[in-house]
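This is upload-v8.csv. It holds CSV, C-alpha atoms.
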chain,number,residue,atom,x,y,z
A,610,MET,CA,22.9,40.3,-72.4
A,611,GLY,CA,25.7,41.5,-70.2
A,612,TYR,CA,28.5,39.6,-68.6
A,613,VAL,CA,30.1,39.0,-65.2
A,614,HIS,CA,33.5,37.5,-64.8
A,615,ASP,CA,34.6,37.9,-61.2
A,616,THR,CA,37.6,35.8,-60.0
A,617,ASN,CA,37.2,36.6,-56.3
A,618,PHE,CA,33.9,35.1,-55.2
A,619,SER,CA,33.6,33.0,-52.0
A,620,GLN,CA,30.8,31.3,-50.2
A,621,TRP,CA,30.8,30.6,-46.5
A,622,ILE,CA,29.3,27.2,-45.6
A,623,PRO,CA,28.1,27.1,-42.0
A,624,PRO,CA,28.6,24.1,-39.8
A,625,THR,CA,24.8,23.6,-39.7
A,626,ALA,CA,25.1,22.4,-43.3
A,627,PHE,CA,27.7,19.8,-42.5
A,628,HIS,CA,26.8,16.1,-42.5
A,629,PRO,CA,28.3,14.1,-39.7
A,630,VAL,CA,28.1,10.3,-39.5
A,631,THR,CA,29.3,8.1,-36.6
A,632,GLY,CA,29.9,9.7,-33.3
A,633,THR,CA,28.1,12.1,-31.0
A,634,PHE,CA,27.7,15.5,-32.7
A,635,THR,CA,26.1,18.6,-31.3
A,636,PHE,CA,25.8,22.2,-32.2
A,637,THR,CA,27.7,24.2,-29.6
A,638,ALA,CA,29.2,27.6,-29.1
A,639,GLY,CA,32.7,27.8,-30.6
A,640,GLY,CA,35.9,28.3,-28.7
A,641,VAL,CA,35.6,32.0,-29.3
A,642,THR,CA,32.5,33.7,-27.7
A,643,ASP,CA,29.7,34.2,-30.2
A,644,THR,CA,31.0,31.8,-32.8
A,645,ILE,CA,29.3,28.5,-33.6
A,646,SER,CA,30.5,25.0,-34.2
A,647,LEU,CA,29.6,21.4,-34.9
A,648,HIS,CA,31.1,19.6,-31.9
A,649,ARG,CA,32.4,16.1,-32.0
A,650,ALA,CA,32.5,14.4,-28.5
A,651,ALA,CA,35.5,12.3,-27.5
A,652,ALA,CA,35.2,8.6,-28.6
A,653,ASN,CA,37.5,6.1,-30.0
A,654,GLN,CA,35.8,5.6,-33.3
A,655,THR,CA,36.1,6.8,-36.9
A,656,SER,CA,33.8,9.7,-37.8
A,657,VAL,CA,33.1,11.0,-41.3
A,658,ILE,CA,32.1,14.7,-41.7
A,659,THR,CA,31.0,15.6,-45.2
A,660,ILE,CA,30.8,19.2,-46.2
A,661,PRO,CA,28.4,20.0,-49.1
A,662,ILE,CA,29.9,22.7,-51.3
A,663,ILE,CA,27.0,25.1,-51.8
A,664,VAL,CA,27.9,27.2,-54.9
A,665,PRO,CA,25.9,28.2,-58.0
A,666,SER,CA,25.9,25.9,-61.0
A,667,ASN,CA,24.9,26.3,-64.6
A,668,SER,CA,23.6,24.2,-67.5
A,669,ALA,CA,25.4,26.2,-70.2
A,670,VAL,CA,28.2,24.5,-72.2
A,671,ASP,CA,30.8,25.6,-74.7
A,672,VAL,CA,31.3,24.2,-78.2
A,673,ALA,CA,33.0,21.2,-76.8
A,674,GLY,CA,30.1,20.5,-74.5
A,675,LEU,CA,31.9,21.4,-71.4
A,676,PRO,CA,30.3,23.7,-68.7
A,677,ASN,CA,31.7,27.2,-69.0
A,678,LYS,CA,29.5,29.3,-66.7
A,679,GLY,CA,28.4,29.6,-63.1
A,680,ALA,CA,31.0,28.8,-60.5
A,681,LEU,CA,34.6,27.7,-61.4
A,682,LEU,CA,35.4,25.9,-58.1
A,683,LYS,CA,39.0,26.5,-57.2
A,684,SER,CA,39.6,25.8,-53.5
A,685,ILE,CA,37.8,25.1,-50.2
A,686,GLU,CA,39.0,26.2,-46.7
A,687,VAL,CA,37.9,24.5,-43.6
A,688,ASP,CA,38.2,26.0,-40.2
A,689,TYR,CA,38.3,23.6,-37.3
A,690,GLU,CA,39.7,23.1,-33.8
A,691,ILE,CA,41.2,20.0,-32.2
A,692,THR,CA,40.8,20.8,-28.6
A,693,ILE,CA,41.6,17.6,-26.7
A,694,ALA,CA,43.8,14.6,-27.8
A,695,GLU,CA,45.4,14.5,-31.2
A,696,PRO,CA,43.6,12.0,-33.4
A,697,THR,CA,45.3,9.2,-35.2
A,698,SER,CA,44.6,10.8,-38.5
A,699,ILE,CA,42.4,13.1,-40.5
A,700,THR,CA,42.1,12.3,-44.2
A,701,TRP,CA,40.5,14.7,-46.7
A,702,THR,CA,38.7,13.5,-49.8
A,703,LEU,CA,37.0,15.8,-52.4
A,704,ASN,CA,34.4,14.1,-54.4
A,705,LYS,CA,32.4,15.2,-57.4
A,706,VAL,CA,28.9,13.7,-57.5
A,707,LYS,CA,27.3,13.3,-60.9
A,708,ARG,CA,23.6,13.1,-60.2
A,709,GLY,CA,21.8,10.1,-61.6
A,710,ALA,CA,19.1,10.4,-64.1
A,711,ASP,CA,15.7,9.2,-62.9
A,712,GLY,CA,16.1,5.5,-62.2
A,713,ALA,CA,19.9,5.6,-62.1
A,714,VAL,CA,22.4,6.0,-59.3
A,715,ALA,CA,24.8,8.9,-58.9
A,716,VAL,CA,28.4,8.5,-60.0
A,717,VAL,CA,31.1,9.6,-57.6
A,718,SER,CA,34.6,10.6,-58.8
A,719,ALA,CA,37.5,11.7,-56.6
A,720,ILE,CA,39.0,15.1,-57.5
A,721,THR,CA,42.7,15.6,-57.5
A,722,LYS,CA,43.7,18.2,-55.0
A,723,THR,CA,46.4,19.4,-52.6
A,724,ASP,CA,46.1,20.2,-48.9
A,725,THR,CA,48.0,23.1,-47.4
A,726,LEU,CA,48.3,21.1,-44.1
A,727,ALA,CA,50.1,17.9,-44.3
A,728,ALA,CA,48.8,14.8,-42.4
A,729,ALA,CA,50.8,15.5,-39.3
A,730,ALA,CA,50.1,19.2,-39.2
A,731,ALA,CA,46.4,18.8,-39.7
A,732,LYS,CA,45.8,16.8,-36.6
A,733,THR,CA,47.6,18.7,-33.9
A,734,VAL,CA,45.7,20.1,-30.9
A,735,ASP,CA,45.3,23.6,-32.2
A,736,GLN,CA,43.2,25.9,-34.4
A,737,HIS,CA,43.4,24.9,-38.0
A,738,LYS,CA,42.6,26.3,-41.4
A,739,GLN,CA,43.0,23.5,-44.0
A,740,THR,CA,42.9,24.7,-47.6
A,741,ILE,CA,42.0,22.1,-50.3
A,742,THR,CA,43.1,23.4,-53.7
A,743,ILE,CA,41.7,21.7,-56.8
A,744,THR,CA,44.5,20.8,-59.2
A,745,THR,CA,42.3,21.4,-62.3
A,746,PRO,CA,39.4,23.7,-61.4
A,747,ALA,CA,36.2,23.2,-63.4
A,748,TYR,CA,32.8,24.9,-63.7
A,749,VAL,CA,30.1,23.2,-61.7
A,750,GLU,CA,27.4,21.8,-64.0
A,751,ASN,CA,23.8,21.8,-62.9
A,752,ASP,CA,23.8,18.0,-62.8
A,753,GLU,CA,26.6,17.7,-60.3
A,754,TYR,CA,27.8,18.9,-56.9
A,755,TYR,CA,30.9,18.6,-54.8
A,756,LEU,CA,31.3,17.0,-51.3
A,757,LEU,CA,34.4,17.4,-49.2
A,758,GLN,CA,34.8,14.6,-46.7
A,759,ALA,CA,36.9,14.5,-43.6
A,760,SER,CA,37.5,11.1,-42.1
A,761,ILE,CA,38.7,11.3,-38.5
A,762,VAL,CA,40.3,8.2,-37.0
A,763,ALA,CA,40.1,9.2,-33.3
A,764,GLY,CA,42.4,6.6,-31.7
A,765,ALA,CA,42.7,5.8,-28.0
A,766,GLY,CA,42.6,9.4,-27.0
A,767,GLY,CA,39.2,9.9,-28.4
A,768,THR,CA,39.9,13.4,-29.8
A,769,VAL,CA,37.5,16.3,-29.5
A,770,ASN,CA,36.8,18.5,-32.5
A,771,ASP,CA,34.9,21.6,-33.3
A,772,PHE,CA,34.1,22.5,-36.9
A,773,LEU,CA,33.5,26.2,-37.4
A,774,GLY,CA,32.7,26.4,-41.1
A,775,ALA,CA,34.1,26.2,-44.6
A,776,VAL,CA,34.6,28.7,-47.4
A,777,ALA,CA,34.4,27.8,-51.1
A,778,ASN,CA,36.5,30.0,-53.4
A,779,TYR,CA,35.4,30.3,-57.0
A,780,THR,CA,35.3,32.4,-60.1
A,781,PHE,CA,31.8,33.5,-61.1
A,782,LYS,CA,30.8,33.9,-64.7
A,783,ALA,CA,27.3,34.6,-65.9
B,1151,MET,CA,27.3,49.2,-64.7
B,1152,GLY,CA,26.6,46.1,-66.7
B,1153,MET,CA,23.8,43.7,-66.6
B,1154,VAL,CA,23.6,40.0,-66.3
B,1155,HIS,CA,20.8,37.9,-67.6
B,1156,ASP,CA,21.7,34.2,-67.4
B,1157,THR,CA,18.9,31.7,-68.0
B,1158,HIS,CA,20.9,28.6,-67.1
B,1159,MET,CA,21.6,29.1,-63.3
B,1160,SER,CA,21.1,26.3,-60.8
B,1161,GLN,CA,21.7,25.9,-57.1
B,1162,TYR,CA,22.5,22.7,-55.3
B,1163,ILE,CA,20.7,22.3,-51.9
B,1164,PRO,CA,22.2,19.6,-49.7
B,1165,PRO,CA,20.0,17.4,-47.6
B,1166,THR,CA,21.5,18.9,-44.4
B,1167,LEU,CA,19.4,22.0,-45.1
B,1168,PHE,CA,16.2,20.0,-45.4
B,1169,HIS,CA,13.6,20.3,-42.5
B,1170,PRO,CA,12.1,16.9,-41.6
B,1171,VAL,CA,9.2,16.6,-39.1
B,1172,THR,CA,7.8,13.3,-37.8
B,1173,GLY,CA,10.0,10.2,-37.8
B,1174,THR,CA,13.5,9.6,-36.7
B,1175,TRP,CA,15.8,11.2,-39.2
B,1176,THR,CA,19.5,10.6,-39.4
B,1177,HIS,CA,22.5,11.6,-41.5
B,1178,ALA,CA,23.7,8.6,-43.4
B,1179,ALA,CA,25.9,7.6,-46.3
B,1180,GLY,CA,23.9,7.3,-49.5
B,1181,GLN,CA,23.6,4.1,-51.5
B,1182,VAL,CA,26.5,5.1,-53.6
B,1183,ALA,CA,29.8,5.4,-51.7
B,1184,GLY,CA,30.8,9.0,-51.2
B,1185,THR,CA,27.3,10.4,-51.3
B,1186,ILE,CA,25.3,11.6,-48.3
B,1187,CYS,CA,21.6,11.5,-47.4
B,1188,ARG,CA,19.0,12.1,-44.8
B,1189,THR,CA,17.0,9.0,-44.1
B,1190,VAL,CA,14.1,8.1,-41.9
B,1191,ASN,CA,13.4,5.0,-39.8
B,1192,ASP,CA,11.0,2.3,-40.9
B,1193,ALA,CA,7.7,3.0,-39.1
B,1194,ASP,CA,4.0,3.4,-39.6
B,1195,GLN,CA,4.2,7.2,-40.0
B,1196,THR,CA,3.8,10.2,-42.2
B,1197,SER,CA,6.7,12.6,-42.4
B,1198,THR,CA,6.8,16.1,-43.7
B,1199,ILE,CA,10.0,17.4,-45.2
B,1200,ASN,CA,10.4,21.0,-46.2
B,1201,ILE,CA,13.2,21.9,-48.6
B,1202,PRO,CA,14.2,25.6,-48.3
B,1203,ILE,CA,15.0,27.0,-51.8
B,1204,VAL,CA,18.2,28.9,-51.1
B,1205,ILE,CA,18.6,31.2,-54.0
B,1206,PRO,CA,19.3,35.0,-54.3
B,1207,SER,CA,16.5,37.4,-54.0
B,1208,ASN,CA,16.2,41.1,-54.9
B,1209,SER,CA,14.1,44.1,-53.7
B,1210,ALA,CA,13.9,45.5,-57.2
B,1211,GLY,CA,11.2,44.1,-59.5
B,1212,LEU,CA,12.3,41.7,-62.2
B,1213,LYS,CA,15.7,41.2,-60.8
B,1214,GLY,CA,17.6,38.5,-58.8
B,1215,ALA,CA,16.4,34.9,-59.2
B,1216,TYR,CA,13.5,34.0,-61.5
B,1217,LEU,CA,12.6,30.6,-60.0
B,1218,LYS,CA,11.5,28.1,-62.7
B,1219,SER,CA,11.8,24.6,-61.3
B,1220,VAL,CA,13.2,22.4,-58.6
B,1221,GLU,CA,14.6,18.9,-59.0
B,1222,ILE,CA,14.7,16.5,-56.0
B,1223,ASP,CA,16.9,13.4,-55.9
B,1224,PHE,CA,15.8,10.6,-53.6
B,1225,GLU,CA,16.0,6.9,-53.2
B,1226,ILE,CA,13.2,4.6,-52.0
B,1227,THR,CA,14.5,1.3,-50.6
B,1228,GLY,CA,13.0,-1.8,-49.1
B,1229,ALA,CA,9.5,-1.5,-50.4
B,1230,ALA,CA,7.3,1.1,-52.1
B,1231,LEU,CA,5.9,3.9,-50.0
B,1232,THR,CA,2.2,4.3,-49.5
B,1233,ALA,CA,2.2,7.9,-50.9
B,1234,LEU,CA,4.5,10.8,-51.7
B,1235,ALA,CA,3.3,14.2,-52.7
B,1236,ALA,CA,4.7,17.7,-53.1
B,1237,ILE,CA,3.5,21.1,-52.5
B,1238,PHE,CA,5.3,24.2,-53.9
B,1239,ASN,CA,4.8,27.0,-51.4
B,1240,LYS,CA,5.9,30.7,-51.6
B,1241,VAL,CA,6.1,32.4,-48.3
B,1242,ALA,CA,5.7,36.1,-48.0
B,1243,ARG,CA,7.5,37.1,-44.8
B,1244,GLY,CA,5.5,38.9,-42.2
B,1245,ALA,CA,6.2,42.5,-41.3
B,1246,ASP,CA,7.1,43.0,-37.7
B,1247,THR,CA,4.2,41.8,-35.6
B,1248,ALA,CA,2.5,40.1,-38.6
B,1249,VAL,CA,2.5,36.5,-39.5
B,1250,ALA,CA,3.9,35.2,-42.8
B,1251,VAL,CA,1.5,34.4,-45.6
B,1252,VAL,CA,1.8,31.2,-47.5
B,1253,ALA,CA,0.6,30.7,-51.1
B,1254,ALA,CA,0.7,27.4,-52.8
B,1255,GLN,CA,2.0,27.6,-56.3
B,1256,THR,CA,0.7,25.6,-59.2
B,1257,PHE,CA,3.3,23.3,-60.7
B,1258,THR,CA,3.7,20.2,-62.9
B,1259,TYR,CA,5.4,17.0,-62.0
B,1260,ASP,CA,7.8,15.6,-64.7
B,1261,SER,CA,6.3,12.8,-66.8
B,1262,GLY,CA,8.0,10.1,-64.7
B,1263,HIS,CA,6.3,11.3,-61.5
B,1264,ASP,CA,3.0,12.7,-62.5
B,1265,ALA,CA,1.2,9.6,-61.4
B,1266,ALA,CA,1.0,8.8,-57.7
B,1267,GLU,CA,2.4,5.3,-58.1
B,1268,GLU,CA,5.4,6.6,-60.0
B,1269,ARG,CA,6.5,8.6,-56.9
B,1270,VAL,CA,6.6,5.7,-54.5
B,1271,ASP,CA,8.3,2.8,-56.2
B,1272,VAL,CA,11.6,1.3,-55.1
B,1273,ALA,CA,14.1,3.1,-57.3
B,1274,GLN,CA,16.4,6.0,-57.7
B,1275,HIS,CA,14.3,9.1,-58.3
B,1276,LYS,CA,14.9,12.5,-59.9
B,1277,MET,CA,11.6,14.3,-59.6
B,1278,THR,CA,11.2,17.7,-61.2
B,1279,LEU,CA,8.6,20.2,-60.2
B,1280,THR,CA,8.1,22.9,-62.8
B,1281,LEU,CA,6.3,26.0,-61.8
B,1282,ASP,CA,3.3,26.8,-64.1
B,1283,THR,CA,4.1,30.5,-63.5
B,1284,PRO,CA,7.7,31.2,-62.6
B,1285,PHE,CA,8.3,34.2,-60.4
B,1286,TRP,CA,11.0,36.6,-59.4
B,1287,MET,CA,12.1,36.0,-55.8
B,1288,ASP,CA,11.4,39.2,-53.8
B,1289,ASN,CA,13.6,39.9,-50.8
B,1290,ASP,CA,10.5,39.6,-48.6
B,1291,ALA,CA,9.7,36.1,-49.8
B,1292,TYR,CA,11.1,32.6,-50.0
B,1293,ALA,CA,10.1,29.2,-51.4
B,1294,LEU,CA,9.6,25.9,-49.6
B,1295,ILE,CA,9.0,22.5,-51.3
B,1296,GLU,CA,6.9,20.4,-48.9
B,1297,LEU,CA,7.1,16.7,-49.3
B,1298,THR,CA,4.6,14.5,-47.5
B,1299,VAL,CA,5.9,10.9,-47.2
B,1300,ASP,CA,3.5,8.3,-46.0
B,1301,GLN,CA,5.1,5.0,-44.9
B,1302,ALA,CA,1.9,3.5,-43.4
B,1303,GLY,CA,1.6,-0.2,-43.7
B,1304,ASP,CA,4.8,-0.8,-45.6
B,1305,THR,CA,8.5,-1.2,-45.0
B,1306,GLY,CA,9.7,1.4,-47.5
B,1307,VAL,CA,12.2,4.0,-46.5
B,1308,ILE,CA,13.1,7.2,-48.3
B,1309,GLU,CA,16.6,8.6,-48.5
B,1310,LEU,CA,16.9,12.3,-49.5
B,1311,LEU,CA,20.0,13.1,-51.5
B,1312,ALA,CA,19.7,16.6,-52.8
B,1313,ALA,CA,17.7,19.2,-54.5
B,1314,VAL,CA,18.6,21.6,-57.3
B,1315,ALA,CA,16.8,24.8,-58.0
B,1316,ASN,CA,16.8,26.1,-61.6
B,1317,TYR,CA,16.5,29.9,-62.1
B,1318,ASP,CA,17.3,32.8,-64.3
B,1319,LEU,CA,19.7,35.3,-62.8
B,1320,ARG,CA,19.4,39.0,-63.6
B,1321,ALA,CA,21.3,41.7,-61.9

Written as structure tokens, how would this file's structure read?
Amino acid sequence: MGYVHDTNFSQWIPPTAFHPVTGTFTFTAGGVTDTISLHRAAANQTSVITIPIIVPSNSAVDVAGLPNKGALLKSIEVDYEITIAEPTSITWTLNKVKRGADGAVAVVSAITKTDTLAAAAAKTVDQHKQTITITTPAYVENDEYYLLQASIVAGAGGTVNDFLGAVANYTFKA
Amino acid sequence: MGMVHDTHMSQYIPPTLFHPVTGTWTHAAGQVAGTICRTVNDADQTSTINIPIVIPSNSAGLKGAYLKSVEIDFEITGAALTALAAIFNKVARGADTAVAVVAAQTFTYDSGHDAAEERVDVAQHKMTLTLDTPFWMDNDAYALIELTVDQAGDTGVIELLAAVANYDLRA
């Protein structure tokens, strides 16, 4: 049957889909009226926020056995605010999770990527748009998914953060 | 305009979209570093977790997503659960002033989970629910997988990792 090959697809991922661990997190209004955020309260601790990349996947493969349809994941943008006290660091890690067969654990591999905001620029008290660009984009197979992890080392100032959302950019082929 | 008919589409549904009721549920790291899960406390309780099947729908007949099956990845740690069962519901949204209408769909568990004891043992699980009669998702409908997890009288805990919906895409 027919064919779609669109290189400009994007998917917004709301903060309600984010997965925070360690710290006090609440859903609050964003800094701009009528926006929403996942709010991290000030505390001197290390928090990990994982963003599940919710894009289509596909079980089709090419003659080499590699996935060649669905979403070719290229980059992820994360919108966030650091409102009070610059943290010690924010470190971004992009993982691909290969789902386990029944009875087997999943296998995680770190994906090589670049960040538009360097370490120092990404942690200033400001509005931020961090873009994570995958060095070698790949079609997402039906037995895998991607997780983008932000590890925030708060430091003595505690830091206060609001995560507004993320956008995954991909080529769609079906 | 062209036409797409792809029979290999899938959609990852993260545990953060799941809807747990009863029990104390938290976001936690999974058993494998770098993974995430929703997990419940160890208590004598029965929890209900609904998984919203977030796939495209369409107001035209025979278009959009033709839902065929849903896979659920979970871990049971500590001890076997007392019981775990699934219901595959299709919800027809109500018109204004009318309630929604829920219809249970018949489905088949995969061969590793079709016996009750296979769904509760301490292990990594990939449980597949295959619809006996797949359907096109209308814009006035959505699907929910309802898991009932009974921890009564044991020390087992479930950790929910992900779900994946498998469907045909036509547009």

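Of the residues under consideration (B:Leu1231, B:Ala1242, B:Ala1193, B:Val1204), B:Val1204 shows the shortest atom-to-atom contact distance to chain A when counting only C-alpha atoms.
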
Write out as a VMD selection string the residues lying within 10 Å of His628 (chain A), counting all atoms listed in the file and excluding same-chain residues fewer than 2 positions away.
(chain A and resid 624 to 626 630 634 647 657 to 661 756 758) or (chain B and resid 1164 to 1167 1176 to 1179 1186 to 1188)

One residue among A:Glu753, A:Asn677, A:Asp711, A:Ala669 is nearest to His614 (chain A) when using all atoms listed in the file, and that residue is A:Asn677

Give me the chain A side of the contact with chain B, cut-off 8 Å, one line per residue showing its nearest atom pair and distance in Å at one decimal, counting all atoms listed in the file, sorted by chain and residue number, as JSON lines.
{"residue": "A:Met610", "atom": "CA", "partner": "B:His1155", "partner_atom": "CA", "distance": 5.8}
{"residue": "A:Gly611", "atom": "CA", "partner": "B:Met1153", "partner_atom": "CA", "distance": 4.6}
{"residue": "A:Tyr612", "atom": "CA", "partner": "B:Val1154", "partner_atom": "CA", "distance": 5.4}
{"residue": "A:Val613", "atom": "CA", "partner": "B:Val1154", "partner_atom": "CA", "distance": 6.7}
{"residue": "A:Thr625", "atom": "CA", "partner": "B:Thr1166", "partner_atom": "CA", "distance": 7.4}
{"residue": "A:Ala626", "atom": "CA", "partner": "B:Thr1166", "partner_atom": "CA", "distance": 5.1}
{"residue": "A:Phe627", "atom": "CA", "partner": "B:Thr1166", "partner_atom": "CA", "distance": 6.5}
{"residue": "A:His628", "atom": "CA", "partner": "B:Thr1166", "partner_atom": "CA", "distance": 6.3}
{"residue": "A:Pro629", "atom": "CA", "partner": "B:His1177", "partner_atom": "CA", "distance": 6.6}
{"residue": "A:Val630", "atom": "CA", "partner": "B:His1177", "partner_atom": "CA", "distance": 6.1}
{"residue": "A:Thr659", "atom": "CA", "partner": "B:Ile1186", "partner_atom": "CA", "distance": 7.6}
{"residue": "A:Pro661", "atom": "CA", "partner": "B:Pro1164", "partner_atom": "CA", "distance": 6.2}
{"residue": "A:Ile663", "atom": "CA", "partner": "B:Tyr1162", "partner_atom": "CA", "distance": 6.2}
{"residue": "A:Val664", "atom": "CA", "partner": "B:Gln1161", "partner_atom": "CA", "distance": 6.7}
{"residue": "A:Pro665", "atom": "CA", "partner": "B:Gln1161", "partner_atom": "CA", "distance": 4.9}
{"residue": "A:Ser666", "atom": "CA", "partner": "B:Ser1160", "partner_atom": "CA", "distance": 4.8}
{"residue": "A:Asn667", "atom": "CA", "partner": "B:Met1159", "partner_atom": "CA", "distance": 4.5}
{"residue": "A:Ser668", "atom": "CA", "partner": "B:His1158", "partner_atom": "CA", "distance": 5.2}
{"residue": "A:Ala669", "atom": "CA", "partner": "B:His1158", "partner_atom": "CA", "distance": 6.0}
{"residue": "A:Gly679", "atom": "CA", "partner": "B:Met1159", "partner_atom": "CA", "distance": 6.8}
{"residue": "A:Asn704", "atom": "CA", "partner": "B:Gly1184", "partner_atom": "CA", "distance": 7.0}
{"residue": "A:Val706", "atom": "CA", "partner": "B:Thr1185", "partner_atom": "CA", "distance": 7.2}
{"residue": "A:Arg708", "atom": "CA", "partner": "B:Asp1223", "partner_atom": "CA", "distance": 8.0}
{"residue": "A:Gly709", "atom": "CA", "partner": "B:Lys1276", "partner_atom": "CA", "distance": 7.5}
{"residue": "A:Ala710", "atom": "CA", "partner": "B:Lys1276", "partner_atom": "CA", "distance": 6.3}
{"residue": "A:Asp711", "atom": "CA", "partner": "B:Lys1276", "partner_atom": "CA", "distance": 4.5}
{"residue": "A:Gly712", "atom": "CA", "partner": "B:Gln1274", "partner_atom": "CA", "distance": 4.5}
{"residue": "A:Ala713", "atom": "CA", "partner": "B:Gln1274", "partner_atom": "CA", "distance": 5.6}
{"residue": "A:Val714", "atom": "CA", "partner": "B:Gln1274", "partner_atom": "CA", "distance": 6.2}
{"residue": "A:Ala715", "atom": "CA", "partner": "B:Val1182", "partner_atom": "CA", "distance": 6.7}
{"residue": "A:Val716", "atom": "CA", "partner": "B:Val1182", "partner_atom": "CA", "distance": 7.5}
{"residue": "A:Val717", "atom": "CA", "partner": "B:Gly1184", "partner_atom": "CA", "distance": 6.4}
{"residue": "A:Asn751", "atom": "CA", "partner": "B:Ser1160", "partner_atom": "CA", "distance": 5.7}
{"residue": "A:Tyr754", "atom": "CA", "partner": "B:Tyr1162", "partner_atom": "CA", "distance": 6.7}
{"residue": "A:Leu756", "atom": "CA", "partner": "B:Thr1185", "partner_atom": "CA", "distance": 7.7}
{"residue": "A:Ala783", "atom": "CA", "partner": "B:Asp1156", "partner_atom": "CA", "distance": 5.8}

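The space separating CA of Val1252 (chain B) from CA of Lys1240 (chain B) comes to 5.8 Å.
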
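Going from CA of His648 (chain A) to CA of Thr725 (chain A) covers 23.2 Å.
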
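CA of Pro1170 (chain B) is positioned 4.2 Å from CA of Ile1199 (chain B).
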
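Closest approach to Ala1266 (chain B) among B:Ser1197, B:Asp1290, B:Val1190, B:Ala1230 is made by B:Ala1230 (distances from all atoms listed in the file).
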
Please list as a list in words every residue within 6 Å of Asp1288 (chain B), counting only C-alpha atoms and excluding residues in the same chain fewer than 5 positions away.
Ser1207, Asn1208 and Ser1209 of chain B

Please determine the residues with any atom at most 7 Å from (38.5, 10.5, -40.4) (coordinates as given in the file, with all atoms listed in the file counting) and report them as a VMD selection string.
chain A and resid 655 to 657 698 to 700 759 to 762

Store the residues picked out above in a file with C-alpha atoms, as a compact mmCIF listing (two decimals), in the coordinates of the input.
# COMPACT_ATOMS: atom_id res chain seq x y z
CA THR A 655 36.10 6.80 -36.90
CA SER A 656 33.80 9.70 -37.80
CA VAL A 657 33.10 11.00 -41.30
CA SER A 698 44.60 10.80 -38.50
CA ILE A 699 42.40 13.10 -40.50
CA THR A 700 42.10 12.30 -44.20
CA ALA A 759 36.90 14.50 -43.60
CA SER A 760 37.50 11.10 -42.10
CA ILE A 761 38.70 11.30 -38.50
CA VAL A 762 40.30 8.20 -37.00

Residues near Gln620 (chain A), cut-off 10 Å, only C-alpha atoms, skip fewer than 3 positions along chain, as a PDB file with C-alpha atoms, in the coordinates of the input:
ATOM      1  CA  PRO A 623      28.100  27.100 -42.000  1.00  0.00           C
ATOM      2  CA  ILE A 662      29.900  22.700 -51.300  1.00  0.00           C
ATOM      3  CA  ILE A 663      27.000  25.100 -51.800  1.00  0.00           C
ATOM      4  CA  VAL A 664      27.900  27.200 -54.900  1.00  0.00           C
ATOM      5  CA  PRO A 665      25.900  28.200 -58.000  1.00  0.00           C
ATOM      6  CA  ILE A 685      37.800  25.100 -50.200  1.00  0.00           C
ATOM      7  CA  ALA A 775      34.100  26.200 -44.600  1.00  0.00           C
ATOM      8  CA  VAL A 776      34.600  28.700 -47.400  1.00  0.00           C
ATOM      9  CA  ALA A 777      34.400  27.800 -51.100  1.00  0.00           C
ATOM     10  CA  ASN A 778      36.500  30.000 -53.400  1.00  0.00           C
ATOM     11  CA  TYR A 779      35.400  30.300 -57.000  1.00  0.00           C
TER      12      TYR A 779
END

Using all atoms listed in the file, the best pick from A:Thr723, A:Ala680, A:Lys705, A:Gly774 as closest to Val749 (chain A) would be A:Ala680

What's around Phe1238 (chain B) at 6 Å? Count all atoms listed in the file, leave out sequence neighbours fewer than 3 positions away in its own chain, and write the answer as a PDB file with C-alpha atoms, in the coordinates of the input.
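Just written: part_32.pdb:
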ATOM      1  CA  ALA B1254       0.700  27.400 -52.800  1.00  0.00           C
ATOM      2  CA  GLN B1255       2.000  27.600 -56.300  1.00  0.00           C
ATOM      3  CA  ILE B1295       9.000  22.500 -51.300  1.00  0.00           C
TER       4      ILE B1295
END

Please tell me which residues are no farther than 8 Å from (7.1, 21.0, -56.7) in the file, counting only C-alpha atoms, and write them as a PyMOL selection string.
chain B and resi 1219-1220+1236-1238+1257-1259+1278-1281+1295-1296

So, with all atoms listed in the file as the atoms that count, which of A:Ser646, A:Asn770, A:Thr637, A:Thr631 lies closest to Thr692 (chain A)?
A:Asn770

Go through B:Thr1283, B:Ile1222, B:Ala1233, B:Gly1228 one by one, measure the shortest atom-to-atom distance of each to Asp1260 (chain B) using only C-alpha atoms, and give the residue with the smallest value.
B:Ile1222

Contacts of Ala650 (chain A) at 10 Å or less, counting only C-alpha atoms, minus same-chain residues fewer than 2 places along, as number ranges by chain?
A: 632-635, 647-648, 652-653, 693, 767-771

Based on the selection just made, write C-alpha atoms of those residues as an mmCIF file, in the frame of the given file.
data_model
loop_
_atom_site.group_PDB
_atom_site.id
_atom_site.type_symbol
_atom_site.label_atom_id
_atom_site.label_comp_id
_atom_site.auth_asym_id
_atom_site.auth_seq_id
_atom_site.Cartn_x
_atom_site.Cartn_y
_atom_site.Cartn_z
ATOM 1 C CA GLY A 632 29.900 9.700 -33.300
ATOM 2 C CA THR A 633 28.100 12.100 -31.000
ATOM 3 C CA PHE A 634 27.700 15.500 -32.700
ATOM 4 C CA THR A 635 26.100 18.600 -31.300
ATOM 5 C CA LEU A 647 29.600 21.400 -34.900
ATOM 6 C CA HIS A 648 31.100 19.600 -31.900
ATOM 7 C CA ALA A 652 35.200 8.600 -28.600
ATOM 8 C CA ASN A 653 37.500 6.100 -30.000
ATOM 9 C CA ILE A 693 41.600 17.600 -26.700
ATOM 10 C CA GLY A 767 39.200 9.900 -28.400
ATOM 11 C CA THR A 768 39.900 13.400 -29.800
ATOM 12 C CA VAL A 769 37.500 16.300 -29.500
ATOM 13 C CA ASN A 770 36.800 18.500 -32.500
ATOM 14 C CA ASP A 771 34.900 21.600 -33.300
#
